[in-house]
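Each remark here refers to the structure printed beneath this line.
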Amino acid sequence: MLSAASAAVVRATLPVVRDHAAAITAEFYPSMLAAHPELLDLFNQGNQASGRQQIALASAVVAYAQHLLDGTPFGPIAERIAHKHVSLGVRPDQYPIVGRHLVGAVATVLGDAVTPEVAAAWDEVYWLFAVTLIAAEARLFQTAGVTPAAVWRPWRVAKRDDEAVDTVSFTLVPDDGGAIVPFEPGQYVSVAVDLPGGHRQPRQYSLSQAPGRGALRITVRRVRGAAGTPDGAVSNFLHDHVQADDTLLVGPPAGQTVLDPGRRPVVLISAGIGITPVLSMLDHLAATQPTRTVVAVHAEISADRHAHRAEYDRFTGTSRLTWYENGDDGGQAGRVDVEAIPLPVGAITYLCGPIPFMRDVRAGLVRRGVPADDIRYEVFGPGMLER
């Protein structure tokens with residue numbers, strides 16, 4: 001709980017911090033990474049270059065400060081961040097580094113407005129934020145049976161398959177002869193690759209088949225740059241350089257948006273490469289709950305980009321709807337029509353896809369009377385803080 005003195009200061013200064021949050025984090029990252037270049041390996045450099053990472057941190061700290069002042073829910077956001085940190089091996093001893101440079105950035109951007117009292121109050125906000133995450137991450141590390149210093153484990157590529165245009169899957173088995181790690185349908189893993197130039201870069205990929213298959217499988221879409229943005233460094237490296245029998249560094253499974261194990265009907269709505277956690281859920285349902293009511297909806301640009309299409313179509317007992325924007329090969333034309341999706345009474349709905357897609361579908365489901373708590377979704381990258 002924020003002290004009374006700090007609460008008064010934070011309440012008075014929150015508007016100006018919110019207004020300058022993007023500038024503060026834009027100052028923070030270069031300062032911290034210049035002093036601690038080893039932390040470059042934790043951050044998606046594409047998101048750094050676009051500014052999305054800075055906005056994400058600003059949003060998190062401001063949202064947490066608001067939570068401390070008025071109880072605005074923050075638990076789900078903290079849980080998402082904790083899962084992401086665990087997948088990357090973020091260590092407790094790295095939090096003081098972040099805190100020092102973040103408070104320093106506040107002072108640099110706001111100048112004389114940052115009195116000792118203001119600095120102390122926002123330092124208290126940060127440390128309450130950090131302690132919340134460290135505690136959540138400690139529980140997740142314990143559950144995963146790993147330590148922050150040993151999250152990366154070598155996995156051998158047992159098989160590489162082309163799944164669609166610009167999409168390949170990698171089936172992975174432990175290279176150290178150890179056990180297959182348990183996971184839940186809907187979770188993801190981080191994969192770290194050493195890029196030309198010496199930088200290691202991690203990315204998160206959903207596991208695209210059910211637990212109990214004797215391997216992990218990830219499915220990767222090549223990210224092609226558009227409108228001046230660069231190609232995806234990691235996705236292109238995996239497509240161009242990783243073959244069967246190569247080794248990848250993989251972190252522990254993470255992610256809290258997992259399949260509910262009960263008997264309620266399930267509606268799975270995906271777009272593009274967002275089909276990957278859906279495949280894991282469908283695979284698990286087919287093996288363990290074949291009579292459970294399931295509706296699967298998928299949207300793509302065209303049929304040739306529909307990853308794992310043949311596999312998706314084999315799941316019997318599932319009501320499936322497919323939209324292809326160009327309307328080819330049996331798919332409905334255009335974009336997903338939320339009004340046309342059958343919604344079984346009491347269903348839990350899962351969304352995965354681009355953030356604008358999920359935002360629009362979620363709004364349509366709410367208009368149709370689906371309770372917000374029954375709409376669950378996984379977001380990767382800085383968009384994870386968007387509601």
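Identifiers in this document derive from the order of the structure tokens: chains are assigned A, B, ..., residues are numbered from 1 separately in each chain, and ligands are numbered from 1 in order of occurrence.
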**OP:** Go through stretch 21-267 of chain A and collect every residue that DSSP, computed from the backbone, puts in helix (DSSP H, G or I); the answer should be as a PyMOL selection string.
**Re:** chain A and resi 21-35+37-42+45-50+52-70+75-88+92-113+116-144+148-150+233-241
Residues within 9 Å of stretch 216-219 of chain A, please, as an mmCIF file with N, CA and C atoms, in the first residue's frame. Count only C-alpha atoms; anything in the same chain fewer than 4 positions from it doesn't count.
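What ended up in result31.cif:
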data_model
loop_
_atom_site.group_PDB
_atom_site.id
_atom_site.type_symbol
_atom_site.label_atom_id
_atom_site.label_comp_id
_atom_site.auth_asym_id
_atom_site.auth_seq_id
_atom_site.Cartn_x
_atom_site.Cartn_y
_atom_site.Cartn_z
ATOM 1 N N GLU A 163 3.968 -24.812 -43.648
ATOM 2 C CA GLU A 163 2.559 -24.915 -43.294
ATOM 3 C C GLU A 163 1.645 -24.044 -44.155
ATOM 4 N N THR A 167 4.977 -19.353 -43.708
ATOM 5 C CA THR A 167 4.746 -19.950 -42.391
ATOM 6 C C THR A 167 5.357 -21.336 -42.317
ATOM 7 N N VAL A 168 6.192 -21.551 -41.306
ATOM 8 C CA VAL A 168 6.796 -22.870 -41.078
ATOM 9 C C VAL A 168 6.588 -23.256 -39.623
ATOM 10 N N SER A 169 6.607 -24.567 -39.369
ATOM 11 C CA SER A 169 6.561 -25.041 -37.989
ATOM 12 C C SER A 169 7.837 -25.793 -37.677
ATOM 13 N N PHE A 170 8.220 -25.745 -36.401
ATOM 14 C CA PHE A 170 9.390 -26.451 -35.901
ATOM 15 C C PHE A 170 8.938 -27.346 -34.757
ATOM 16 N N THR A 171 9.171 -28.647 -34.896
ATOM 17 C CA THR A 171 8.898 -29.596 -33.830
ATOM 18 C C THR A 171 10.177 -29.784 -33.039
ATOM 19 N N LEU A 172 10.101 -29.597 -31.723
ATOM 20 C CA LEU A 172 11.290 -29.514 -30.881
ATOM 21 C C LEU A 172 11.303 -30.622 -29.833
ATOM 22 N N VAL A 173 12.478 -31.198 -29.618
ATOM 23 C CA VAL A 173 12.674 -32.182 -28.557
ATOM 24 C C VAL A 173 13.893 -31.759 -27.747
ATOM 25 N N ILE A 180 10.211 -33.765 -21.473
ATOM 26 C CA ILE A 180 9.402 -32.729 -22.128
ATOM 27 C C ILE A 180 8.715 -31.912 -21.043
ATOM 28 N N VAL A 181 8.827 -30.626 -21.123
ATOM 29 C CA VAL A 181 8.224 -29.789 -20.088
ATOM 30 C C VAL A 181 6.700 -29.803 -20.229
ATOM 31 N N TYR A 188 2.708 -20.243 -24.414
ATOM 32 C CA TYR A 188 3.749 -19.955 -25.389
ATOM 33 C C TYR A 188 5.114 -20.222 -24.772
ATOM 34 N N VAL A 189 6.135 -20.201 -25.612
ATOM 35 C CA VAL A 189 7.518 -20.248 -25.143
ATOM 36 C C VAL A 189 8.286 -19.092 -25.787
ATOM 37 N N TYR A 205 6.490 -17.447 -29.068
ATOM 38 C CA TYR A 205 5.691 -18.182 -30.044
ATOM 39 C C TYR A 205 4.762 -19.144 -29.307
ATOM 40 N N SER A 206 3.496 -19.119 -29.673
ATOM 41 C CA SER A 206 2.535 -20.041 -29.070
ATOM 42 C C SER A 206 2.891 -21.475 -29.428
ATOM 43 N N LEU A 207 2.618 -22.367 -28.499
ATOM 44 C CA LEU A 207 2.752 -23.796 -28.777
ATOM 45 C C LEU A 207 1.537 -24.234 -29.573
ATOM 46 N N SER A 208 1.778 -24.871 -30.724
ATOM 47 C CA SER A 208 0.695 -25.100 -31.685
ATOM 48 C C SER A 208 0.211 -26.543 -31.741
ATOM 49 N N GLN A 209 0.539 -27.328 -30.727
ATOM 50 C CA GLN A 209 -0.087 -28.632 -30.592
ATOM 51 C C GLN A 209 -0.285 -28.914 -29.113
ATOM 52 N N ALA A 210 -1.088 -29.912 -28.799
ATOM 53 C CA ALA A 210 -1.465 -30.183 -27.424
ATOM 54 C C ALA A 210 -0.303 -30.750 -26.615
ATOM 55 N N PRO A 211 -0.408 -30.666 -25.288
ATOM 56 C CA PRO A 211 0.549 -31.383 -24.443
ATOM 57 C C PRO A 211 0.427 -32.887 -24.677
ATOM 58 N N ILE A 273 -1.744 -15.690 -37.852
ATOM 59 C CA ILE A 273 -0.944 -16.649 -37.093
ATOM 60 C C ILE A 273 -1.496 -16.824 -35.688
ATOM 61 N N THR A 276 -2.395 -20.349 -33.841
ATOM 62 C CA THR A 276 -1.509 -21.328 -33.206
ATOM 63 C C THR A 276 -1.986 -21.783 -31.827
ATOM 64 N N ALA A 307 -2.510 -21.206 -42.039
ATOM 65 C CA ALA A 307 -1.543 -22.143 -41.472
ATOM 66 C C ALA A 307 -2.242 -23.369 -40.899
#
**OP:** Excluding stretch 175-177 of chain A and residues on its chain fewer than 6 positions from it, collect all residues at most 7 Å away from it, counting only C-alpha atoms, and give them as an MDAnalysis selection string.
**Re:** chainID A and resid 154:156
Could those residues be written to a file, using N, CA and C atoms, as a PDB file, in the first residue's frame?
ATOM      1  N   PRO A 154      18.561 -26.000 -24.326  1.00  0.00           N
ATOM      2  CA  PRO A 154      18.698 -26.336 -25.753  1.00  0.00           C
ATOM      3  C   PRO A 154      17.673 -27.384 -26.186  1.00  0.00           C
ATOM      4  N   TRP A 155      16.989 -27.088 -27.296  1.00  0.00           N
ATOM      5  CA  TRP A 155      16.034 -28.023 -27.897  1.00  0.00           C
ATOM      6  C   TRP A 155      16.445 -28.247 -29.343  1.00  0.00           C
ATOM      7  N   ARG A 156      16.377 -29.501 -29.770  1.00  0.00           N
ATOM      8  CA  ARG A 156      16.745 -29.856 -31.138  1.00  0.00           C
ATOM      9  C   ARG A 156      15.514 -29.816 -32.034  1.00  0.00           C
TER      10      ARG A 156
END
Subject >> Shell around A:Ala149 at 12 Å using only C-alpha atoms, local window under 6 positions removed, as a list in words >> reply: Val86, Ser87, Leu88, Gly89, Val90, Arg91, Pro92, Asp93, Gln94, Phe141 and Gly251 of chain A
Subject >> Distance query stretch 241-245 of chain A at most 7 Å, only C-alpha atoms, self and fewer than 5 positions along chain excluded, as a VMD selection string >> reply: chain A and resid 156 to 160
**OP:** One decimal, Å: what's the distance from atom CA of A:Tyr95 over to atom CA of A:Trp152, could you say?
**Re:**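 Going from atom CA of A:Tyr95 over to atom CA of A:Trp152 covers 19.9 Å.
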Original post:
What gap, in Å, lies between atom CA of A:Asn236 and atom CA of A:Glu325?
Top reply: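 Taking atom CA of A:Asn236 as the start and atom CA of A:Glu325 as the end point, the length is 25.0 Å.
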Residues near A:Glu300, cut-off 10 Å, only C-alpha atoms, skip fewer than 3 positions along chain, as a compact mmCIF listing (two decimals) with N, CA and C atoms, in the first residue's frame:
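The resulting file, around12.txt, is reproduced below:
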# COMPACT_ATOMS: atom_id res chain seq x y z
N SER A 270 -9.84 -16.73 -34.10
CA SER A 270 -8.46 -16.38 -34.40
C SER A 270 -8.35 -15.70 -35.75
N ALA A 271 -7.23 -15.03 -35.94
CA ALA A 271 -6.92 -14.43 -37.24
C ALA A 271 -5.43 -14.57 -37.49
N GLY A 272 -5.07 -14.87 -38.74
CA GLY A 272 -3.68 -14.98 -39.11
C GLY A 272 -2.95 -16.04 -38.32
N ILE A 273 -1.74 -15.69 -37.85
CA ILE A 273 -0.94 -16.65 -37.09
C ILE A 273 -1.50 -16.82 -35.69
N GLY A 274 -2.52 -16.08 -35.33
CA GLY A 274 -3.22 -16.28 -34.06
C GLY A 274 -3.90 -17.63 -33.97
N ILE A 275 -3.90 -18.39 -35.05
CA ILE A 275 -4.47 -19.73 -35.02
C ILE A 275 -3.64 -20.69 -34.17
N ALA A 303 -6.70 -18.33 -48.66
CA ALA A 303 -6.59 -19.73 -48.25
C ALA A 303 -5.14 -20.20 -48.20
N ASP A 304 -4.28 -19.70 -49.11
CA ASP A 304 -2.91 -20.18 -49.13
C ASP A 304 -2.08 -19.68 -47.94
N ARG A 305 -2.64 -18.76 -47.16
CA ARG A 305 -1.96 -18.26 -45.97
C ARG A 305 -2.53 -18.89 -44.69
N HIS A 306 -3.48 -19.79 -44.83
CA HIS A 306 -4.13 -20.42 -43.68
C HIS A 306 -3.21 -21.51 -43.13
N ALA A 307 -2.51 -21.21 -42.04
CA ALA A 307 -1.54 -22.14 -41.47
C ALA A 307 -2.24 -23.37 -40.90
N THR A 322 -14.91 -20.08 -41.49
CA THR A 322 -13.67 -19.49 -41.99
C THR A 322 -14.00 -18.32 -42.90
N TRP A 323 -13.31 -17.22 -42.66
CA TRP A 323 -13.41 -16.06 -43.54
C TRP A 323 -12.07 -15.83 -44.21
N TYR A 324 -12.07 -15.73 -45.54
CA TYR A 324 -10.90 -15.28 -46.28
C TYR A 324 -11.26 -13.93 -46.90
N GLU A 325 -10.40 -12.96 -46.72
CA GLU A 325 -10.74 -11.62 -47.20
C GLU A 325 -11.03 -11.61 -48.69
N ASN A 326 -10.33 -12.47 -49.47
CA ASN A 326 -10.59 -12.49 -50.91
C ASN A 326 -11.69 -13.49 -51.28
N GLY A 327 -12.24 -14.19 -50.29
CA GLY A 327 -13.38 -15.06 -50.54
C GLY A 327 -13.07 -16.32 -51.32
N GLY A 331 -14.00 -20.20 -48.39
CA GLY A 331 -14.14 -19.32 -47.24
C GLY A 331 -15.14 -18.21 -47.52
N GLY A 334 -14.58 -11.39 -47.15
CA GLY A 334 -14.53 -10.24 -46.28
C GLY A 334 -13.99 -10.57 -44.90
N ARG A 335 -14.36 -9.78 -43.94
CA ARG A 335 -13.87 -9.93 -42.57
C ARG A 335 -14.90 -10.65 -41.71
N VAL A 336 -14.47 -11.08 -40.55
CA VAL A 336 -15.36 -11.84 -39.65
C VAL A 336 -16.58 -11.01 -39.30
Original post:
Counting only C-alpha atoms, what is within 12 Å of stretch 358-374 of chain A, bar same-chain residues fewer than 2 positions away, as a ChimeraX atom specification?
Top reply: /A:76,257,259-260,264-272,274,297-299,335-356,376-379,383-384,386-387
**OP:** Rank nothing, just name the residue among A:Gln332, A:Gln201, A:Thr143, A:Gln289 nearest to A:Pro182, using only C-alpha atoms.
**Re:** A:Thr143
Original post:
Expressed in Å to a single decimal, how great is the separation between atom CA of A:Glu124 and atom CA of A:Pro37?
Top reply: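 Atom CA of A:Pro37 lies at a distance of 26.1 Å from atom CA of A:Glu124.
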